[in-house]
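Have a look at entry-v1.pdb below; it lists PDB, C-alpha atoms.
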```pdb
ATOM      1  CA  MET A   1     -98.923  17.295  49.309
ATOM      2  CA  THR A   2     -96.353  15.407  51.394
ATOM      3  CA  VAL A   3     -93.553  17.141  53.275
ATOM      4  CA  ALA A   4     -91.824  14.661  55.608
ATOM      5  CA  SER A   5     -95.335  13.768  56.745
ATOM      6  CA  ASP A   6     -94.061  10.736  58.637
ATOM      7  CA  ARG A   7     -92.778  13.054  61.399
ATOM      8  CA  PRO A   8     -95.049  13.850  64.347
ATOM      9  CA  TYR A   9     -96.745  17.263  64.075
ATOM     10  CA  THR A  10     -95.679  17.757  60.446
ATOM     11  CA  ALA A  11     -99.210  17.603  59.079
ATOM     12  CA  GLU A  12    -100.399  20.097  61.704
ATOM     13  CA  ILE A  13     -97.541  22.520  60.956
ATOM     14  CA  ILE A  14     -98.249  22.300  57.218
ATOM     15  CA  ASP A  15    -101.934  23.008  57.818
ATOM     16  CA  ILE A  16    -101.104  26.083  59.911
ATOM     17  CA  LEU A  17     -98.665  27.387  57.319
ATOM     18  CA  VAL A  18    -101.090  26.866  54.435
ATOM     19  CA  THR A  19    -104.310  28.092  56.069
ATOM     20  CA  ARG A  20    -102.946  30.839  58.317
ATOM     21  CA  CYS A  21     -99.594  31.921  56.903
ATOM     22  CA  GLY A  22    -100.041  31.818  53.125
ATOM     23  CA  LEU A  23     -97.708  28.914  52.375
ATOM     24  CA  ASP A  24     -97.736  27.742  48.746
ATOM     25  CA  ALA A  25     -98.434  24.045  49.265
ATOM     26  CA  ASP A  26     -97.175  22.998  45.838
ATOM     27  CA  ALA A  27     -93.890  24.854  46.229
ATOM     28  CA  ALA A  28     -93.331  23.269  49.634
ATOM     29  CA  ALA A  29     -94.039  19.811  48.217
ATOM     30  CA  GLN A  30     -91.411  20.293  45.530
ATOM     31  CA  THR A  31     -88.716  21.466  47.979
ATOM     32  CA  PRO A  32     -89.339  19.620  51.278
ATOM     33  CA  ALA A  33     -85.900  20.515  52.668
ATOM     34  CA  ALA A  34     -86.310  24.246  52.035
ATOM     35  CA  SER A  35     -86.325  26.649  54.958
ATOM     36  CA  LEU A  36     -89.419  28.690  55.779
ATOM     37  CA  ALA A  37     -87.609  31.775  54.484
ATOM     38  CA  GLU A  38     -86.893  30.014  51.190
ATOM     39  CA  LEU A  39     -90.574  29.084  51.012
ATOM     40  CA  GLY A  40     -91.501  32.772  51.192
ATOM     41  CA  MET A  41     -92.569  32.967  54.821
ATOM     42  CA  ASP A  42     -91.941  36.554  55.946
ATOM     43  CA  SER A  43     -91.838  37.970  59.482
ATOM     44  CA  LEU A  44     -95.626  38.395  59.656
ATOM     45  CA  ALA A  45     -96.158  34.788  58.605
ATOM     46  CA  LEU A  46     -93.689  33.604  61.227
ATOM     47  CA  LEU A  47     -95.429  35.683  63.895
ATOM     48  CA  GLU A  48     -98.716  34.018  62.990
ATOM     49  CA  LEU A  49     -97.079  30.579  63.095
ATOM     50  CA  SER A  50     -95.578  31.361  66.501
ATOM     51  CA  ALA A  51     -98.928  32.553  67.850
ATOM     52  CA  VAL A  52    -100.827  29.461  66.689
ATOM     53  CA  VAL A  53     -98.147  27.046  67.931
ATOM     54  CA  ALA A  54     -98.007  28.789  71.306
ATOM     55  CA  ASP A  55    -101.791  28.656  71.650
ATOM     56  CA  ARG A  56    -102.141  25.034  70.513
ATOM     57  CA  TRP A  57     -99.124  23.389  72.166
ATOM     58  CA  ARG A  58     -97.712  26.028  74.536
ATOM     59  CA  VAL A  59     -94.451  25.888  72.604
ATOM     60  CA  ARG A  60     -92.405  28.973  71.739
ATOM     61  CA  ILE A  61     -90.979  29.151  68.233
ATOM     62  CA  PRO A  62     -87.519  30.829  68.275
ATOM     63  CA  GLU A  63     -86.699  33.902  66.224
ATOM     64  CA  GLN A  64     -84.457  31.757  64.018
ATOM     65  CA  ALA A  65     -87.481  29.720  62.835
ATOM     66  CA  ALA A  66     -87.127  31.192  59.340
ATOM     67  CA  GLN A  67     -84.025  29.038  58.898
ATOM     68  CA  LEU A  68     -85.864  25.846  59.809
ATOM     69  CA  SER A  69     -87.590  23.528  57.356
ATOM     70  CA  ILE A  70     -91.166  22.405  57.946
ATOM     71  CA  ALA A  71     -89.825  19.129  59.317
ATOM     72  CA  GLY A  72     -87.467  21.098  61.557
ATOM     73  CA  VAL A  73     -90.350  23.073  63.043
ATOM     74  CA  ALA A  74     -92.283  19.833  63.565
ATOM     75  CA  ASP A  75     -89.292  18.264  65.343
ATOM     76  CA  LEU A  76     -88.937  21.325  67.559
ATOM     77  CA  VAL A  77     -92.594  21.118  68.585
ATOM     78  CA  ALA A  78     -92.317  17.357  69.182
ATOM     79  CA  ARG A  79     -89.290  17.793  71.462
ATOM     80  CA  ARG A  80     -90.948  20.536  73.511
ATOM     81  CA  VAL A  81     -94.334  18.777  73.773
ATOM     82  CA  ASP A  82     -92.763  15.458  74.771
ATOM     83  CA  PRO A  83     -89.359  16.369  76.283
ATOM     84  CA  PRO A  84     -86.672  13.677  76.537
ATOM     85  CA  GLY A  85     -86.962  11.287  79.449
ATOM     86  CA  HIS A  86     -84.814  11.686  82.540
ATOM     87  CA  THR A  87     -84.843   9.617  85.713
ATOM     88  CA  GLU A  88     -82.691   9.534  88.833
ATOM     89  CA  ASN A  89     -83.042   6.805  91.436
ATOM     90  CA  GLY A  90     -80.738   5.583  94.173
ATOM     91  CA  THR A  91     -80.400   3.511  97.297
ATOM     92  CA  ASP A  92     -78.179   3.393 100.373
ATOM     93  CA  ILE A  93     -76.584  -0.022 100.839
ATOM     94  CA  ALA A  94     -75.152  -1.167 104.158
ATOM     95  CA  ALA A  95     -72.008  -2.592 102.572
ATOM     96  CA  PRO A  96     -68.548  -1.218 101.759
ATOM     97  CA  LEU A  97     -68.124   0.488  98.403
ATOM     98  CA  PRO A  98     -65.545  -2.020  97.051
ATOM     99  CA  LEU A  99     -68.016  -4.862  97.587
ATOM    100  CA  VAL A 100     -70.926  -2.927  96.034
ATOM    101  CA  TRP A 101     -68.718  -2.015  93.086
ATOM    102  CA  GLU A 102     -67.551  -5.600  92.605
ATOM    103  CA  ILE A 103     -71.025  -7.123  92.690
ATOM    104  CA  THR A 104     -72.874  -4.549  90.599
ATOM    105  CA  ASN A 105     -70.206  -4.419  87.891
ATOM    106  CA  ASP A 106     -69.985  -8.194  87.493
ATOM    107  CA  VAL A 107     -72.240  -8.028  84.429
ATOM    108  CA  ALA A 108     -72.006 -11.743  83.690
ATOM    109  CA  ARG A 109     -73.797 -12.460  86.993
ATOM    110  CA  TRP A 110     -76.546  -9.865  86.662
ATOM    111  CA  PRO A 111     -79.262 -12.541  86.442
ATOM    112  CA  GLU A 112     -78.342 -13.358  90.063
ATOM    113  CA  LEU A 113     -78.610  -9.696  91.054
ATOM    114  CA  PHE A 114     -81.599  -8.367  89.100
ATOM    115  CA  THR A 115     -84.969 -10.094  89.019
ATOM    116  CA  GLU A 116     -85.782  -8.909  85.459
ATOM    117  CA  TYR A 117     -82.855 -10.456  83.549
ATOM    118  CA  ALA A 118     -82.911 -14.076  82.425
ATOM    119  CA  ALA A 119     -79.527 -14.166  80.689
ATOM    120  CA  VAL A 120     -76.399 -12.158  79.890
ATOM    121  CA  GLU A 121     -74.013 -12.890  77.042
ATOM    122  CA  ILE A 122     -70.649 -11.120  77.116
ATOM    123  CA  LEU A 123     -69.793 -10.115  73.560
ATOM    124  CA  ASP A 124     -66.558  -8.190  74.038
ATOM    125  CA  ARG A 125     -64.247  -6.840  76.711
ATOM    126  CA  THR A 126     -61.739  -4.076  75.982
ATOM    127  CA  GLY A 127     -60.064  -2.581  79.023
ATOM    128  CA  ASP A 128     -62.789  -1.337  81.357
ATOM    129  CA  THR A 129     -65.454  -1.499  78.646
ATOM    130  CA  VAL A 130     -67.759  -4.467  78.212
ATOM    131  CA  ARG A 131     -70.307  -5.059  75.458
ATOM    132  CA  PHE A 132     -73.023  -7.573  76.274
ATOM    133  CA  ARG A 133     -76.465  -8.843  75.333
ATOM    134  CA  LEU A 134     -79.199  -8.748  77.955
ATOM    135  CA  THR A 135     -82.285 -10.938  77.728
ATOM    136  CA  MET A 136     -85.232 -10.383  80.021
ATOM    137  CA  HIS A 137     -87.656 -12.917  81.395
ATOM    138  CA  PRO A 138     -90.699 -13.263  79.103
ATOM    139  CA  ASP A 139     -93.363 -10.613  79.651
ATOM    140  CA  GLU A 140     -97.114 -11.213  80.042
ATOM    141  CA  ASN A 141     -97.324 -11.826  76.273
ATOM    142  CA  GLY A 142     -94.506 -14.359  76.301
ATOM    143  CA  VAL A 143     -92.024 -11.975  74.635
ATOM    144  CA  ALA A 144     -88.435 -12.138  75.924
ATOM    145  CA  TRP A 145     -86.972  -8.699  75.132
ATOM    146  CA  SER A 146     -83.269  -8.613  74.301
ATOM    147  CA  TRP A 147     -80.756  -5.912  73.350
ATOM    148  CA  VAL A 148     -77.024  -5.134  73.257
ATOM    149  CA  SER A 149     -75.547  -2.589  75.662
ATOM    150  CA  GLU A 150     -72.071  -1.269  76.384
ATOM    151  CA  ARG A 151     -70.732   0.069  79.660
ATOM    152  CA  THR A 152     -67.438   1.538  80.796
ATOM    153  CA  ALA A 153     -66.559   1.406  84.488
ATOM    154  CA  ASP A 154     -64.142   3.957  85.941
ATOM    155  CA  ARG A 155     -63.122   2.729  89.372
ATOM    156  CA  ALA A 156     -61.054   5.877  90.060
ATOM    157  CA  THR A 157     -64.065   8.187  89.759
ATOM    158  CA  ARG A 158     -66.572   5.587  91.016
ATOM    159  CA  GLN A 159     -68.711   6.082  87.947
ATOM    160  CA  VAL A 160     -70.035   3.934  85.117
ATOM    161  CA  HIS A 161     -71.294   5.201  81.771
ATOM    162  CA  ALA A 162     -73.466   2.915  79.663
ATOM    163  CA  HIS A 163     -75.656   3.073  76.590
ATOM    164  CA  ARG A 164     -77.799   0.805  74.489
ATOM    165  CA  VAL A 165     -76.137  -0.240  71.232
ATOM    166  CA  GLU A 166     -79.317  -1.895  69.961
ATOM    167  CA  THR A 167     -81.801   0.759  70.951
ATOM    168  CA  GLY A 168     -85.078  -1.022  70.158
ATOM    169  CA  PRO A 169     -87.980   1.374  70.862
ATOM    170  CA  PHE A 170     -85.561   4.066  72.104
ATOM    171  CA  GLU A 171     -84.006   6.792  69.989
ATOM    172  CA  TYR A 172     -81.219   6.588  72.556
ATOM    173  CA  MET A 173     -80.677   5.391  76.111
ATOM    174  CA  HIS A 174     -77.768   6.587  78.257
ATOM    175  CA  ILE A 175     -77.241   5.368  81.814
ATOM    176  CA  HIS A 176     -74.910   6.846  84.423
ATOM    177  CA  TRP A 177     -74.122   4.926  87.638
ATOM    178  CA  CYS A 178     -72.579   6.818  90.565
ATOM    179  CA  TYR A 179     -71.130   5.329  93.764
ATOM    180  CA  GLU A 180     -70.494   7.313  96.932
ATOM    181  CA  GLU A 181     -69.149   6.270 100.323
ATOM    182  CA  ILE A 182     -71.529   7.264 103.116
ATOM    183  CA  PRO A 183     -71.534   6.519 106.845
ATOM    184  CA  GLY A 184     -72.334   2.841 107.210
ATOM    185  CA  GLY A 185     -72.088   1.932 103.566
ATOM    186  CA  THR A 186     -72.500   3.039  99.960
ATOM    187  CA  ARG A 187     -74.955   5.194  98.056
ATOM    188  CA  MET A 188     -75.555   3.972  94.500
ATOM    189  CA  THR A 189     -77.440   6.210  92.054
ATOM    190  CA  TRP A 190     -78.759   5.495  88.566
ATOM    191  CA  VAL A 191     -79.366   8.372  86.137
ATOM    192  CA  GLN A 192     -81.052   7.542  82.836
ATOM    193  CA  ASP A 193     -81.501   9.899  79.879
ATOM    194  CA  PHE A 194     -83.450   8.711  76.858
ATOM    195  CA  ALA A 195     -85.975   9.444  74.148
ATOM    196  CA  MET A 196     -88.507   7.098  72.586
ATOM    197  CA  LYS A 197     -88.898   6.577  68.856
ATOM    198  CA  ARG A 198     -92.026   8.121  67.384
ATOM    199  CA  ASP A 199     -93.531   4.673  66.654
ATOM    200  CA  ALA A 200     -92.739   3.280  70.125
ATOM    201  CA  PRO A 201     -95.718   1.911  72.065
ATOM    202  CA  VAL A 202     -95.084   4.432  74.869
ATOM    203  CA  ASP A 203     -93.984   8.074  74.880
ATOM    204  CA  ASN A 204     -91.179   9.691  76.894
ATOM    205  CA  ALA A 205     -93.422  10.538  79.831
ATOM    206  CA  GLY A 206     -94.867   7.042  79.947
ATOM    207  CA  MET A 207     -91.438   5.406  79.820
ATOM    208  CA  THR A 208     -90.211   7.762  82.535
ATOM    209  CA  ASP A 209     -92.961   6.470  84.817
ATOM    210  CA  ARG A 210     -92.121   2.854  83.959
ATOM    211  CA  ILE A 211     -88.400   3.291  84.557
ATOM    212  CA  ASN A 212     -88.947   5.081  87.857
ATOM    213  CA  ALA A 213     -91.260   2.336  89.098
ATOM    214  CA  ASN A 214     -89.003  -0.522  87.970
ATOM    215  CA  SER A 215     -85.813   1.131  89.241
ATOM    216  CA  LYS A 216     -87.254   1.318  92.755
ATOM    217  CA  VAL A 217     -88.090  -2.401  92.632
ATOM    218  CA  GLN A 218     -84.680  -3.452  91.307
ATOM    219  CA  LEU A 219     -82.728  -1.182  93.648
ATOM    220  CA  ALA A 220     -84.581  -2.660  96.633
ATOM    221  CA  VAL A 221     -83.725  -6.176  95.446
ATOM    222  CA  ILE A 222     -80.075  -5.296  94.834
ATOM    223  CA  LYS A 223     -79.801  -3.604  98.233
ATOM    224  CA  GLU A 224     -81.203  -6.680  99.992
ATOM    225  CA  ARG A 225     -78.972  -9.134  98.123
ATOM    226  CA  ILE A 226     -75.758  -7.167  98.604
ATOM    227  CA  GLU A 227     -76.463  -6.519 102.283
ATOM    228  CA  ARG A 228     -77.132 -10.224 102.806
ATOM    229  CA  ARG A 229     -73.797 -11.056 101.163
ATOM    230  CA  ALA A 230     -71.996  -8.396 103.206
ATOM    231  CA  ALA A 231     -73.490  -9.762 106.423
ATOM    232  CA  ALA A 232     -72.479 -13.300 105.491
ATOM    233  CA  SER A 233     -68.919 -12.163 104.789
ATOM    234  CA  THR A 234     -68.752 -10.385 108.151
ATOM    235  CA  GLY A 235     -70.096 -13.454 109.906
ATOM    236  CA  ASN A 236     -67.529 -15.716 108.283
ATOM    237  CA  GLY A 237     -64.795 -13.286 109.237
ATOM    238  CA  ASN A 238     -65.897 -13.283 112.876
ATOM    239  CA  ARG A 239     -65.955 -17.070 113.035
ATOM    240  CA  ASP A 240     -62.484 -17.303 111.579
ATOM    241  CA  ALA A 241     -61.071 -14.779 114.015
TER     242      ALA A 241
END
```

Target format structure tokens, applied to this file:
Amino acid sequence: MTVASDRPYTAEIIDILVTRCGLDADAAAQTPAASLAELGMDSLALLELSAVVADRWRVRIPEQAAQLSIAGVADLVARRVDPPGHTENGTDIAAPLPLVWEITNDVARWPELFTEYAAVEILDRTGDTVRFRLTMHPDENGVAWSWVSERTADRATRQVHAHRVETGPFEYMHIHWCYEEIPGGTRMTWVQDFAMKRDAPVDNAGMTDRINANSKVQLAVIKERIERRAAASTGNGNRDA
């Protein structure tokens, strides 16, 4: 029997339904998109499914589970067991917001700002939106990862919204940059929301750890480079006065 068995947890859900809930395996195989109700799962069967899932994965099956297919139940369990990734990291930069905004939104010069990027290719500019290809420095295996992203900068709200167009190992990746004037400078914050594909080499939790660690490194580098430029600009202004 195969019922969307390429999805994580599908095989386990099928086994529970067959061995504990009385699912007709052949009927399910013939109608893989059918809901549990259409497959003959009554309220007692759904209670048993809920109890086993809660015990095995600490996931609660909603009352509307009868309307879900087997694949739908498997997806629900997968999302709850490995919730989407979310990170938030920021830094306070001793430089005026207009300068921080100018430098960090000059995408074409990101290789001078970030240590991880080897090259940027601008693919399109439409208004405040830019589409570009990023290429990283080769990793320890000699692989230079590359992908296309798109970002829209809103100077009025001091926010930038970006996402990966070529998602690679991600199901999706959304990035939100926020800028805030603070005493003595600017606070810049990165918020990233994402989910990994099921065949990715790392899960959501693992990628969350990686992004948090790398964001701290890159933010420290960006802070140092912008502050150095701000200090140089102030020094030149004093000499010219």

Best match for closeness to Asn105 of chain A among A:Ala144, A:Val160, A:Val202, A:Ala45, counting all atoms listed in the file: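 Checking each of A:Ala144, A:Val160, A:Val202, A:Ala45 against Asn105 of chain A, counting all atoms listed in the file, the winner is A:Val160.
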
Residues near Ala28 of chain A, cut-off 12 Å, all atoms listed in the file, skip fewer than 3 positions along chain, as a VMD selection string: chain A and resid 1 to 4 14 to 15 17 to 18 22 to 25 31 to 41 69 to 71

Selected residue of minimal separation from Ala74 of chain A among A:Gly185, A:Glu112, A:Ala205, A:Thr10, counting only C-alpha atoms: A:Thr10

Polymer residues at most 8 Å from segment 83-87 of chain A, all atoms listed in the file, same-chain spacing of 3 or more positions, as a tab-separated table (two decimals) with C-alpha atoms, in the coordinates of the input:
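Contents of the output file result-v8.tsv:
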```tsv
chain	number	residue	atom	x	y	z
A	78	ALA	CA	-92.32	17.36	69.18
A	79	ARG	CA	-89.29	17.79	71.46
A	80	ARG	CA	-90.95	20.54	73.51
A	190	TRP	CA	-78.76	5.50	88.57
A	191	VAL	CA	-79.37	8.37	86.14
A	192	GLN	CA	-81.05	7.54	82.84
A	193	ASP	CA	-81.50	9.90	79.88
A	194	PHE	CA	-83.45	8.71	76.86
A	195	ALA	CA	-85.98	9.44	74.15
A	196	MET	CA	-88.51	7.10	72.59
A	204	ASN	CA	-91.18	9.69	76.89
A	205	ALA	CA	-93.42	10.54	79.83
A	207	MET	CA	-91.44	5.41	79.82
A	208	THR	CA	-90.21	7.76	82.54
A	211	ILE	CA	-88.40	3.29	84.56
A	212	ASN	CA	-88.95	5.08	87.86
```

The PyMOL selection byres ((chain A and resi 161) around 6) applied to the shown file, residues as a list in words: Arg151, Thr152, Val160, Ala162, Ile175 and His176 of chain A

Option closest in space to Asp128 of chain A, from A:Ala156, A:Ile103, A:Leu49, A:Ile13 [counting all atoms listed in the file]: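 Answer, going by the shortest atom-to-atom distance: A:Ala156.
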
Non-local contacts of Thr126 of chain A (12 Å; only C-alpha atoms; under 3 positions in same chain excluded) as a PyMOL selection string: chain A and resi 122-123+129-132+150-153

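Distances from A:Gly142, A:Lys216, A:Thr19, A:Ala95 to Ala232 of chain A were compared using only C-alpha atoms, and the smallest one belongs to A:Ala95.
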
Counting only C-alpha atoms, find the residues whose atoms lie at most 12 Å from (-72.3, -1.9, 100.0) (file coordinates) and write them out as a PDB file with C-alpha atoms, in the frame of the given file.
```pdb
ATOM      1  CA  THR A  91     -80.400   3.511  97.297  1.00  0.00           C
ATOM      2  CA  ASP A  92     -78.179   3.393 100.373  1.00  0.00           C
ATOM      3  CA  ILE A  93     -76.584  -0.022 100.839  1.00  0.00           C
ATOM      4  CA  ALA A  94     -75.152  -1.167 104.158  1.00  0.00           C
ATOM      5  CA  ALA A  95     -72.008  -2.592 102.572  1.00  0.00           C
ATOM      6  CA  PRO A  96     -68.548  -1.218 101.759  1.00  0.00           C
ATOM      7  CA  LEU A  97     -68.124   0.488  98.403  1.00  0.00           C
ATOM      8  CA  PRO A  98     -65.545  -2.020  97.051  1.00  0.00           C
ATOM      9  CA  LEU A  99     -68.016  -4.862  97.587  1.00  0.00           C
ATOM     10  CA  VAL A 100     -70.926  -2.927  96.034  1.00  0.00           C
ATOM     11  CA  TRP A 101     -68.718  -2.015  93.086  1.00  0.00           C
ATOM     12  CA  GLU A 102     -67.551  -5.600  92.605  1.00  0.00           C
ATOM     13  CA  ILE A 103     -71.025  -7.123  92.690  1.00  0.00           C
ATOM     14  CA  THR A 104     -72.874  -4.549  90.599  1.00  0.00           C
ATOM     15  CA  TYR A 179     -71.130   5.329  93.764  1.00  0.00           C
ATOM     16  CA  GLU A 180     -70.494   7.313  96.932  1.00  0.00           C
ATOM     17  CA  GLU A 181     -69.149   6.270 100.323  1.00  0.00           C
ATOM     18  CA  ILE A 182     -71.529   7.264 103.116  1.00  0.00           C
ATOM     19  CA  PRO A 183     -71.534   6.519 106.845  1.00  0.00           C
ATOM     20  CA  GLY A 184     -72.334   2.841 107.210  1.00  0.00           C
ATOM     21  CA  GLY A 185     -72.088   1.932 103.566  1.00  0.00           C
ATOM     22  CA  THR A 186     -72.500   3.039  99.960  1.00  0.00           C
ATOM     23  CA  ARG A 187     -74.955   5.194  98.056  1.00  0.00           C
ATOM     24  CA  MET A 188     -75.555   3.972  94.500  1.00  0.00           C
ATOM     25  CA  ILE A 222     -80.075  -5.296  94.834  1.00  0.00           C
ATOM     26  CA  LYS A 223     -79.801  -3.604  98.233  1.00  0.00           C
ATOM     27  CA  GLU A 224     -81.203  -6.680  99.992  1.00  0.00           C
ATOM     28  CA  ARG A 225     -78.972  -9.134  98.123  1.00  0.00           C
ATOM     29  CA  ILE A 226     -75.758  -7.167  98.604  1.00  0.00           C
ATOM     30  CA  GLU A 227     -76.463  -6.519 102.283  1.00  0.00           C
ATOM     31  CA  ARG A 228     -77.132 -10.224 102.806  1.00  0.00           C
ATOM     32  CA  ARG A 229     -73.797 -11.056 101.163  1.00  0.00           C
ATOM     33  CA  ALA A 230     -71.996  -8.396 103.206  1.00  0.00           C
ATOM     34  CA  ALA A 231     -73.490  -9.762 106.423  1.00  0.00           C
ATOM     35  CA  SER A 233     -68.919 -12.163 104.789  1.00  0.00           C
TER      36      SER A 233
END
```

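Going from atom CA of Arg58 of chain A to atom CA of Asp42 of chain A covers 22.1 Å.
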
Just add N, CA and C atoms to segment 51-69 of chain A and send it as an mmCIF file, keeping the file's coordinate frame.
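Result file rebuild-v8.cif:
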```cif
data_model
loop_
_atom_site.group_PDB
_atom_site.id
_atom_site.type_symbol
_atom_site.label_atom_id
_atom_site.label_comp_id
_atom_site.auth_asym_id
_atom_site.auth_seq_id
_atom_site.Cartn_x
_atom_site.Cartn_y
_atom_site.Cartn_z
ATOM 1 N N ALA A 51 -97.741 32.347 67.027
ATOM 2 C CA ALA A 51 -98.928 32.553 67.850
ATOM 3 C C ALA A 51 -99.792 31.301 67.889
ATOM 4 N N VAL A 52 -99.984 30.654 66.738
ATOM 5 C CA VAL A 52 -100.827 29.461 66.689
ATOM 6 C C VAL A 52 -100.175 28.308 67.448
ATOM 7 N N VAL A 53 -98.870 28.131 67.243
ATOM 8 C CA VAL A 53 -98.147 27.046 67.931
ATOM 9 C C VAL A 53 -98.181 27.257 69.439
ATOM 10 N N ALA A 54 -97.980 28.494 69.874
ATOM 11 C CA ALA A 54 -98.007 28.789 71.306
ATOM 12 C C ALA A 54 -99.385 28.514 71.895
ATOM 13 N N ASP A 55 -100.431 28.866 71.152
ATOM 14 C CA ASP A 55 -101.791 28.656 71.650
ATOM 15 C C ASP A 55 -102.160 27.175 71.670
ATOM 16 N N ARG A 56 -101.731 26.436 70.650
ATOM 17 C CA ARG A 56 -102.141 25.034 70.513
ATOM 18 C C ARG A 56 -101.313 24.103 71.382
ATOM 19 N N TRP A 57 -100.001 24.330 71.456
ATOM 20 C CA TRP A 57 -99.124 23.389 72.166
ATOM 21 C C TRP A 57 -98.321 24.028 73.305
ATOM 22 N N ARG A 58 -98.487 25.320 73.517
ATOM 23 C CA ARG A 58 -97.712 26.028 74.536
ATOM 24 C C ARG A 58 -96.204 25.897 74.282
ATOM 25 N N VAL A 59 -95.848 25.972 73.021
ATOM 26 C CA VAL A 59 -94.451 25.888 72.604
ATOM 27 C C VAL A 59 -94.059 27.205 71.931
ATOM 28 N N ARG A 60 -92.892 27.717 72.317
ATOM 29 C CA ARG A 60 -92.405 28.973 71.739
ATOM 30 C C ARG A 60 -91.493 28.677 70.555
ATOM 31 N N ILE A 61 -91.814 29.277 69.422
ATOM 32 C CA ILE A 61 -90.979 29.151 68.233
ATOM 33 C C ILE A 61 -89.877 30.212 68.301
ATOM 34 N N PRO A 62 -88.609 29.848 68.160
ATOM 35 C CA PRO A 62 -87.519 30.829 68.275
ATOM 36 C C PRO A 62 -87.494 31.788 67.096
ATOM 37 N N GLU A 63 -86.795 32.889 67.276
ATOM 38 C CA GLU A 63 -86.699 33.902 66.224
ATOM 39 C C GLU A 63 -86.026 33.351 64.974
ATOM 40 N N GLN A 64 -85.178 32.335 65.156
ATOM 41 C CA GLN A 64 -84.457 31.757 64.018
ATOM 42 C C GLN A 64 -85.303 30.755 63.234
ATOM 43 N N ALA A 65 -86.617 30.709 63.481
ATOM 44 C CA ALA A 65 -87.481 29.720 62.835
ATOM 45 C C ALA A 65 -87.455 29.833 61.322
ATOM 46 N N ALA A 66 -87.160 31.008 60.792
ATOM 47 C CA ALA A 66 -87.127 31.192 59.340
ATOM 48 C C ALA A 66 -86.090 30.295 58.681
ATOM 49 N N GLN A 67 -85.076 29.894 59.449
ATOM 50 C CA GLN A 67 -84.025 29.038 58.898
ATOM 51 C C GLN A 67 -84.353 27.556 59.010
ATOM 52 N N LEU A 68 -85.459 27.238 59.653
ATOM 53 C CA LEU A 68 -85.864 25.846 59.809
ATOM 54 C C LEU A 68 -86.732 25.400 58.644
ATOM 55 N N SER A 69 -86.658 24.108 58.320
ATOM 56 C CA SER A 69 -87.590 23.528 57.356
ATOM 57 C C SER A 69 -88.902 23.213 58.075
#
```
